[in-house]
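Okay, structure first, notes after.
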Amino acid sequence: MALPHYVSETQILRHVARNPNCRFIWTNHAIKAVADDDRTTGDVEFALMNGRVLLHEHAKQDLLWRVEGKDIDGRRIQVVVAVDEEEIVIKVVTTF
């Protein structure tokens, strides 16, 4: 089954994540998930800079994007984020 292509969302994500002024906000759940998977925040940031958006969904207060990519070591990772293009902020909700 073919996955939908979120080309514009992927471009926005990469643009924001690669911006040197980007501020990453980490939920407690995301920090725990990163540690549980024996990864670092750098692994997640790398995946966000180079990954692609697979889907988006509305949560209580955020539009969330599920991103698939690879960490620094080339291991597959998925990350759920909320991106604020104007504020140059990425809120990392969870990883798996």
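Ligands are numbered from 1 in the order shown, chains are lettered A, B, ... in the order of the structure tokens, and residues start at 1 in each chain.
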
Name all residues at most 12 Å from Arg23 (chain A) (count only C-alpha atoms; drop same-chain ones fewer than 3 positions away) and give them as a VMD selection string. chain A and resid 16 to 20 26 45 82 to 92

Residues of chain A in helix (DSSP H, G or I) according to DSSP, as an NGL selection string? :A and (7-18 or 28-36 or 41-50)

Would you save the residues of that selection, restricted to N, CA and C atoms, as a PDB file, in the first residue's frame?
ATOM      1  N   VAL A   7       4.642  16.306   0.744  1.00  0.00           N
ATOM      2  CA  VAL A   7       5.826  16.989   0.226  1.00  0.00           C
ATOM      3  C   VAL A   7       6.024  18.347   0.883  1.00  0.00           C
ATOM      4  N   SER A   8       4.981  19.160   0.942  1.00  0.00           N
ATOM      5  CA  SER A   8       5.155  20.503   1.514  1.00  0.00           C
ATOM      6  C   SER A   8       5.460  20.424   3.009  1.00  0.00           C
ATOM      7  N   GLU A   9       4.822  19.497   3.726  1.00  0.00           N
ATOM      8  CA  GLU A   9       5.101  19.333   5.152  1.00  0.00           C
ATOM      9  C   GLU A   9       6.548  18.893   5.374  1.00  0.00           C
ATOM     10  N   THR A  10       7.036  17.983   4.519  1.00  0.00           N
ATOM     11  CA  THR A  10       8.422  17.521   4.627  1.00  0.00           C
ATOM     12  C   THR A  10       9.384  18.674   4.377  1.00  0.00           C
ATOM     13  N   GLN A  11       9.096  19.510   3.394  1.00  0.00           N
ATOM     14  CA  GLN A  11       9.958  20.666   3.114  1.00  0.00           C
ATOM     15  C   GLN A  11       9.978  21.629   4.291  1.00  0.00           C
ATOM     16  N   ILE A  12       8.809  21.884   4.865  1.00  0.00           N
ATOM     17  CA  ILE A  12       8.737  22.782   6.021  1.00  0.00           C
ATOM     18  C   ILE A  12       9.524  22.197   7.187  1.00  0.00           C
ATOM     19  N   LEU A  13       9.307  20.921   7.474  1.00  0.00           N
ATOM     20  CA  LEU A  13      10.017  20.263   8.572  1.00  0.00           C
ATOM     21  C   LEU A  13      11.521  20.388   8.414  1.00  0.00           C
ATOM     22  N   ARG A  14      12.034  20.031   7.259  1.00  0.00           N
ATOM     23  CA  ARG A  14      13.486  20.073   7.031  1.00  0.00           C
ATOM     24  C   ARG A  14      14.012  21.501   7.136  1.00  0.00           C
ATOM     25  N   HIS A  15      13.266  22.452   6.593  1.00  0.00           N
ATOM     26  CA  HIS A  15      13.690  23.850   6.652  1.00  0.00           C
ATOM     27  C   HIS A  15      13.797  24.327   8.109  1.00  0.00           C
ATOM     28  N   VAL A  16      12.790  24.027   8.903  1.00  0.00           N
ATOM     29  CA  VAL A  16      12.792  24.451  10.306  1.00  0.00           C
ATOM     30  C   VAL A  16      13.871  23.700  11.080  1.00  0.00           C
ATOM     31  N   ALA A  17      13.953  22.380  10.918  1.00  0.00           N
ATOM     32  CA  ALA A  17      14.921  21.572  11.682  1.00  0.00           C
ATOM     33  C   ALA A  17      16.362  21.942  11.364  1.00  0.00           C
ATOM     34  N   ARG A  18      16.628  22.345  10.140  1.00  0.00           N
ATOM     35  CA  ARG A  18      18.004  22.696   9.736  1.00  0.00           C
ATOM     36  C   ARG A  18      18.380  24.139  10.077  1.00  0.00           C
ATOM     37  N   ASN A  28       8.421  15.050  28.328  1.00  0.00           N
ATOM     38  CA  ASN A  28       9.018  14.021  29.190  1.00  0.00           C
ATOM     39  C   ASN A  28       8.902  12.649  28.546  1.00  0.00           C
ATOM     40  N   HIS A  29       7.775  12.406  27.884  1.00  0.00           N
ATOM     41  CA  HIS A  29       7.575  11.125  27.213  1.00  0.00           C
ATOM     42  C   HIS A  29       8.629  10.908  26.123  1.00  0.00           C
ATOM     43  N   ALA A  30       8.924  11.950  25.350  1.00  0.00           N
ATOM     44  CA  ALA A  30       9.920  11.844  24.282  1.00  0.00           C
ATOM     45  C   ALA A  30      11.312  11.573  24.845  1.00  0.00           C
ATOM     46  N   ILE A  31      11.666  12.244  25.916  1.00  0.00           N
ATOM     47  CA  ILE A  31      12.987  12.035  26.529  1.00  0.00           C
ATOM     48  C   ILE A  31      13.130  10.591  26.995  1.00  0.00           C
ATOM     49  N   LYS A  32      12.079  10.059  27.598  1.00  0.00           N
ATOM     50  CA  LYS A  32      12.110   8.671  28.059  1.00  0.00           C
ATOM     51  C   LYS A  32      12.198   7.707  26.880  1.00  0.00           C
ATOM     52  N   ALA A  33      11.423   7.963  25.828  1.00  0.00           N
ATOM     53  CA  ALA A  33      11.431   7.087  24.652  1.00  0.00           C
ATOM     54  C   ALA A  33      12.802   7.070  23.978  1.00  0.00           C
ATOM     55  N   VAL A  34      13.451   8.214  23.896  1.00  0.00           N
ATOM     56  CA  VAL A  34      14.789   8.294  23.307  1.00  0.00           C
ATOM     57  C   VAL A  34      15.770   7.453  24.129  1.00  0.00           C
ATOM     58  N   ALA A  35      15.726   7.607  25.434  1.00  0.00           N
ATOM     59  CA  ALA A  35      16.630   6.846  26.313  1.00  0.00           C
ATOM     60  C   ALA A  35      16.327   5.356  26.250  1.00  0.00           C
ATOM     61  N   ASP A  36      15.054   4.997  26.240  1.00  0.00           N
ATOM     62  CA  ASP A  36      14.662   3.587  26.189  1.00  0.00           C
ATOM     63  C   ASP A  36      15.139   2.909  24.910  1.00  0.00           C
ATOM     64  N   THR A  41      19.318  12.748  21.700  1.00  0.00           N
ATOM     65  CA  THR A  41      18.530  13.806  21.076  1.00  0.00           C
ATOM     66  C   THR A  41      19.131  14.167  19.715  1.00  0.00           C
ATOM     67  N   GLY A  42      20.433  14.045  19.585  1.00  0.00           N
ATOM     68  CA  GLY A  42      21.090  14.290  18.295  1.00  0.00           C
ATOM     69  C   GLY A  42      20.607  13.334  17.214  1.00  0.00           C
ATOM     70  N   ASP A  43      20.351  12.080  17.593  1.00  0.00           N
ATOM     71  CA  ASP A  43      19.802  11.105  16.643  1.00  0.00           C
ATOM     72  C   ASP A  43      18.448  11.572  16.119  1.00  0.00           C
ATOM     73  N   VAL A  44      17.611  12.049  17.021  1.00  0.00           N
ATOM     74  CA  VAL A  44      16.269  12.497  16.649  1.00  0.00           C
ATOM     75  C   VAL A  44      16.354  13.748  15.772  1.00  0.00           C
ATOM     76  N   GLU A  45      17.178  14.686  16.157  1.00  0.00           N
ATOM     77  CA  GLU A  45      17.325  15.908  15.373  1.00  0.00           C
ATOM     78  C   GLU A  45      17.837  15.596  13.967  1.00  0.00           C
ATOM     79  N   PHE A  46      18.785  14.655  13.852  1.00  0.00           N
ATOM     80  CA  PHE A  46      19.298  14.229  12.554  1.00  0.00           C
ATOM     81  C   PHE A  46      18.167  13.658  11.700  1.00  0.00           C
ATOM     82  N   ALA A  47      17.333  12.808  12.297  1.00  0.00           N
ATOM     83  CA  ALA A  47      16.208  12.209  11.575  1.00  0.00           C
ATOM     84  C   ALA A  47      15.225  13.281  11.108  1.00  0.00           C
ATOM     85  N   LEU A  48      15.002  14.296  11.928  1.00  0.00           N
ATOM     86  CA  LEU A  48      14.077  15.363  11.554  1.00  0.00           C
ATOM     87  C   LEU A  48      14.637  16.229  10.430  1.00  0.00           C
ATOM     88  N   MET A  49      15.934  16.409  10.394  1.00  0.00           N
ATOM     89  CA  MET A  49      16.563  17.206   9.340  1.00  0.00           C
ATOM     90  C   MET A  49      16.544  16.497   7.995  1.00  0.00           C
ATOM     91  N   ASN A  50      16.446  15.166   8.014  1.00  0.00           N
ATOM     92  CA  ASN A  50      16.583  14.383   6.789  1.00  0.00           C
ATOM     93  C   ASN A  50      15.404  13.467   6.492  1.00  0.00           C
TER      94      ASN A  50
END

As JSON, numbers by chain, list the residues of chain A assigned to strand (DSSP E or B) by DSSP on the backbone atoms of this structure. {"A": [23, 24, 25, 26, 52, 53, 54, 55, 56, 57, 58, 63, 64, 65, 66, 67, 68, 69, 70, 76, 77, 78, 79, 80, 81, 82, 83, 84, 89, 90, 91, 92, 93, 94, 95]}

Just write the chosen residues, N, CA and C atoms, as a short mmCIF file (atom, residue, chain, number, x, y, z; two decimals), in the first residue's frame.
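And here's out-v6.cif as it stands now:
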data_model
loop_
_atom_site.label_atom_id
_atom_site.label_comp_id
_atom_site.auth_asym_id
_atom_site.auth_seq_id
_atom_site.Cartn_x
_atom_site.Cartn_y
_atom_site.Cartn_z
N ARG A 23 14.57 25.84 17.86
CA ARG A 23 14.51 25.44 19.27
C ARG A 23 13.68 24.16 19.35
N PHE A 24 14.28 23.13 19.92
CA PHE A 24 13.58 21.86 20.11
C PHE A 24 13.04 21.81 21.53
N ILE A 25 11.76 21.50 21.64
CA ILE A 25 11.12 21.32 22.94
C ILE A 25 10.82 19.83 23.08
N TRP A 26 11.21 19.24 24.19
CA TRP A 26 11.08 17.80 24.40
C TRP A 26 10.07 17.52 25.51
N ARG A 52 11.11 12.24 6.38
CA ARG A 52 9.95 12.66 5.60
C ARG A 52 8.69 12.47 6.44
N VAL A 53 7.74 13.34 6.21
CA VAL A 53 6.47 13.29 6.92
C VAL A 53 5.61 12.19 6.30
N LEU A 54 5.12 11.29 7.16
CA LEU A 54 4.28 10.17 6.72
C LEU A 54 2.79 10.46 6.86
N LEU A 55 2.43 11.19 7.91
CA LEU A 55 1.02 11.51 8.12
C LEU A 55 0.93 12.67 9.08
N HIS A 56 -0.26 13.25 9.12
CA HIS A 56 -0.51 14.31 10.10
C HIS A 56 -1.87 14.07 10.72
N GLU A 57 -1.99 14.52 11.97
CA GLU A 57 -3.24 14.36 12.70
C GLU A 57 -3.39 15.51 13.68
N HIS A 58 -4.62 15.82 14.01
CA HIS A 58 -4.90 16.88 14.97
C HIS A 58 -4.97 16.28 16.36
N LEU A 63 -1.16 20.37 15.71
CA LEU A 63 -1.19 19.55 14.50
C LEU A 63 0.09 18.74 14.56
N LEU A 64 -0.04 17.42 14.65
CA LEU A 64 1.12 16.55 14.80
C LEU A 64 1.49 15.91 13.47
N TRP A 65 2.79 15.81 13.22
CA TRP A 65 3.30 15.12 12.04
C TRP A 65 4.09 13.91 12.50
N ARG A 66 3.87 12.77 11.84
CA ARG A 66 4.70 11.59 12.09
C ARG A 66 5.78 11.58 11.02
N VAL A 67 7.02 11.53 11.47
CA VAL A 67 8.17 11.62 10.59
C VAL A 67 8.92 10.30 10.63
N GLU A 68 9.33 9.83 9.47
CA GLU A 68 10.16 8.64 9.39
C GLU A 68 11.53 9.05 8.85
N GLY A 69 12.56 8.53 9.48
CA GLY A 69 13.91 8.83 9.04
C GLY A 69 14.88 7.83 9.60
N LYS A 70 16.14 8.21 9.57
CA LYS A 70 17.20 7.37 10.13
C LYS A 70 17.99 8.20 11.13
N ARG A 76 16.47 2.97 11.56
CA ARG A 76 15.18 3.57 11.26
C ARG A 76 14.53 4.08 12.55
N ILE A 77 13.90 5.25 12.45
CA ILE A 77 13.24 5.85 13.60
C ILE A 77 12.01 6.61 13.11
N GLN A 78 10.98 6.64 13.94
CA GLN A 78 9.82 7.50 13.68
C GLN A 78 9.69 8.46 14.85
N VAL A 79 9.29 9.67 14.53
CA VAL A 79 9.19 10.74 15.52
C VAL A 79 7.87 11.46 15.30
N VAL A 80 7.17 11.76 16.39
CA VAL A 80 5.95 12.55 16.31
C VAL A 80 6.28 13.95 16.82
N VAL A 81 5.99 14.95 15.99
CA VAL A 81 6.35 16.32 16.31
C VAL A 81 5.21 17.29 16.00
N ALA A 82 5.30 18.45 16.63
CA ALA A 82 4.49 19.61 16.26
C ALA A 82 5.49 20.68 15.82
N VAL A 83 5.26 21.26 14.65
CA VAL A 83 6.20 22.23 14.08
C VAL A 83 5.55 23.61 14.04
N ASP A 84 6.27 24.59 14.56
CA ASP A 84 5.83 25.99 14.47
C ASP A 84 6.83 26.70 13.57
N VAL A 89 10.26 26.46 15.95
CA VAL A 89 10.23 25.56 17.09
C VAL A 89 9.69 24.19 16.65
N ILE A 90 10.32 23.14 17.14
CA ILE A 90 9.81 21.79 16.93
C ILE A 90 9.62 21.17 18.31
N LYS A 91 8.39 20.77 18.58
CA LYS A 91 8.06 20.07 19.83
C LYS A 91 8.08 18.57 19.54
N VAL A 92 8.98 17.86 20.21
CA VAL A 92 9.10 16.42 20.02
C VAL A 92 8.20 15.75 21.04
N VAL A 93 7.19 15.01 20.56
CA VAL A 93 6.18 14.40 21.42
C VAL A 93 6.60 13.00 21.82
N THR A 94 7.05 12.19 20.85
CA THR A 94 7.52 10.84 21.14
C THR A 94 8.36 10.32 19.98
N THR A 95 9.05 9.22 20.23
CA THR A 95 9.83 8.54 19.20
C THR A 95 9.59 7.05 19.34
#

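When CA of Thr27 (chain A) is paired with CA of Ile72 (chain A), their separation reads 21.2 Å.
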